[in-house]
Amino acid sequence: MRRFIPFIILTLLVTSGCVLRKKLKEAGRSEDISRQPQPPQRCPIPVTALPQTSVSNAIFIDKGFTPARLRRLQRALDLLRQVANEDRRCNHSFRHTGDLRVLRDFLEDSGIRIHYDPVQEYSEEGPTIAYTEEGGKRDIYVQPYAWRLSSRELARALVHEFTHITLTPHPGQEQEAQLMEVKCGFRKRMLTPTIKVTASSTPVPLLQSN
């Protein structure tokens, strides 16, 4: 029995030595792997989709317009940009009215919104082209009759409404708004329809005095 004890001890030492060398070898491999350059980790960045809006430069245009009406409105705005760049009298007139802003300021103001109002209204002057609400300095409403007119007429109507906005819309501003149309190069229009008077063909008997 005593002869086997040293043999058993030697066997355990050899076995434990092999296990220790194996662990050291595996540890060396893992260290070598950890030293190798790792590819950069990429963190996904959440992307928030922006709301789709119809915008011409900076002024806001509501989505209620059909493509054809939107093109007509864009042409009217393009015409007003040309006026804002070339017509000094128009800019000078806006600069000295209400909020003291030039025409370009309205065209580049994203706070001003142009909406489509499908319900046609009428006044003493005839069908409404566009309007602003009393006290409202942000919203312009365009009505169906506008699409029966040219882009130039629609541009004139927008100048009219920009005048109301710079003055803060209230009753009694029509004359000043129409005068601004003329100062911005649009022809003068009548406040009331023309009334034609025709002479009667039936002779009127003269009264005889006694």
# chains A, B, ... in the order shown; residues from 1 in each chain; ligands from 1

call {"tool": "select_by_dssp", "arguments": {"residues": "stretch 97-148 of chain A", "states": "alpha helix (DSSP H)", "output": "VMD selection string"}}
result
chain A and resid 103 to 107

call {"tool": "write_last_selection", "arguments": {"atoms": "C-alpha atoms", "output": "PDB file, in the first residue's frame"}}
result
ATOM      1  CA  LEU A 103     -44.651  92.938 -48.821  1.00  0.00           C
ATOM      2  CA  ARG A 104     -41.797  90.399 -48.788  1.00  0.00           C
ATOM      3  CA  ASP A 105     -42.217  89.983 -45.027  1.00  0.00           C
ATOM      4  CA  PHE A 106     -45.719  88.604 -45.518  1.00  0.00           C
ATOM      5  CA  LEU A 107     -44.604  86.221 -48.249  1.00  0.00           C
TER       6      LEU A 107
END

call {"tool": "select_by_dssp", "arguments": {"residues": "stretch 67-180 of chain A", "states": "strand (DSSP E)", "output": "NGL selection string"}}
result
:A and (113-116 or 122-123 or 126-127 or 130-131 or 139-142)

call {"tool": "atom_distance", "arguments": {"atom1": "atom CA of A:Asp117", "atom2": "atom CA of A:Tyr141"}}
result
5.8 Å

call {"tool": "residues_around", "arguments": {"residues": "A:Gly185", "least_positions_apart": "5", "cutoff": "12 Å", "atoms": "only C-alpha atoms", "output": "list in words"}}
result
Leu79, Leu80, Gln82, Val83, Ala84, Glu86, Asp87, Arg88, Arg89, Cys90, Asn91, Ser93, Arg152, Glu153, Ala155, Arg156, Val159, Gln178, Leu179 and Met180 of chain A

call {"tool": "atom_distance", "arguments": {"atom1": "atom CA of A:Pro169", "atom2": "atom CA of A:Ile129"}}
result
16.0 Å

call {"tool": "closest_residue", "arguments": {"among": "A:Gly126, A:Gly172, A:Gly111, A:Gly98", "to": "A:Ile140", "atoms": "only C-alpha atoms"}}
result
A:Gly111

call {"tool": "atom_distance", "arguments": {"atom1": "atom CA of A:Gly136", "atom2": "atom CA of A:His170"}}
result
9.1 Å

call {"tool": "residues_around", "arguments": {"residues": "A:Pro144", "least_positions_apart": "4", "cutoff": "9 Å", "atoms": "only C-alpha atoms", "output": "list of chain:residue names"}}
result
A:Tyr116, A:Asp117, A:Pro118, A:Val119, A:Gln120, A:Thr128, A:Ile129, A:Arg148

call {"tool": "write_last_selection", "arguments": {"atoms": "N, CA, C and O atoms", "output": "PDB file, in the first residue's frame"}}
result
ATOM      1  N   TYR A 116     -58.380  77.144 -47.818  1.00  0.00           N
ATOM      2  CA  TYR A 116     -59.447  77.101 -48.816  1.00  0.00           C
ATOM      3  C   TYR A 116     -60.784  76.978 -48.100  1.00  0.00           C
ATOM      4  O   TYR A 116     -60.992  76.075 -47.288  1.00  0.00           O
ATOM      5  N   ASP A 117     -61.691  77.902 -48.393  1.00  0.00           N
ATOM      6  CA  ASP A 117     -63.046  77.874 -47.833  1.00  0.00           C
ATOM      7  C   ASP A 117     -64.009  77.530 -48.966  1.00  0.00           C
ATOM      8  O   ASP A 117     -64.235  78.351 -49.860  1.00  0.00           O
ATOM      9  N   PRO A 118     -64.587  76.334 -48.977  1.00  0.00           N
ATOM     10  CA  PRO A 118     -65.431  75.919 -50.101  1.00  0.00           C
ATOM     11  C   PRO A 118     -66.810  76.561 -50.131  1.00  0.00           C
ATOM     12  O   PRO A 118     -67.532  76.418 -51.125  1.00  0.00           O
ATOM     13  N   VAL A 119     -67.197  77.233 -49.075  1.00  0.00           N
ATOM     14  CA  VAL A 119     -68.523  77.845 -49.015  1.00  0.00           C
ATOM     15  C   VAL A 119     -68.433  79.280 -49.542  1.00  0.00           C
ATOM     16  O   VAL A 119     -67.832  80.149 -48.901  1.00  0.00           O
ATOM     17  N   GLN A 120     -69.020  79.535 -50.704  1.00  0.00           N
ATOM     18  CA  GLN A 120     -68.932  80.841 -51.335  1.00  0.00           C
ATOM     19  C   GLN A 120     -69.843  81.837 -50.620  1.00  0.00           C
ATOM     20  O   GLN A 120     -71.008  81.548 -50.350  1.00  0.00           O
ATOM     21  N   THR A 128     -67.264  86.978 -52.905  1.00  0.00           N
ATOM     22  CA  THR A 128     -66.018  87.172 -52.164  1.00  0.00           C
ATOM     23  C   THR A 128     -64.899  86.352 -52.797  1.00  0.00           C
ATOM     24  O   THR A 128     -65.088  85.184 -53.142  1.00  0.00           O
ATOM     25  N   ILE A 129     -63.729  86.970 -52.958  1.00  0.00           N
ATOM     26  CA  ILE A 129     -62.556  86.260 -53.478  1.00  0.00           C
ATOM     27  C   ILE A 129     -61.766  85.652 -52.313  1.00  0.00           C
ATOM     28  O   ILE A 129     -61.436  84.472 -52.312  1.00  0.00           O
ATOM     29  N   ARG A 148     -62.191  81.345 -60.700  1.00  0.00           N
ATOM     30  CA  ARG A 148     -62.773  81.806 -61.964  1.00  0.00           C
ATOM     31  C   ARG A 148     -62.026  83.028 -62.488  1.00  0.00           C
ATOM     32  O   ARG A 148     -62.321  83.516 -63.576  1.00  0.00           O
TER      33      ARG A 148
END

call {"tool": "residues_around", "arguments": {"residues": "A:His164", "least_positions_apart": "6", "cutoff": "12 Å", "atoms": "only C-alpha atoms", "output": "VMD selection string"}}
result
chain A and resid 94 97 to 99 106 130 to 140 157 to 158 170 to 181
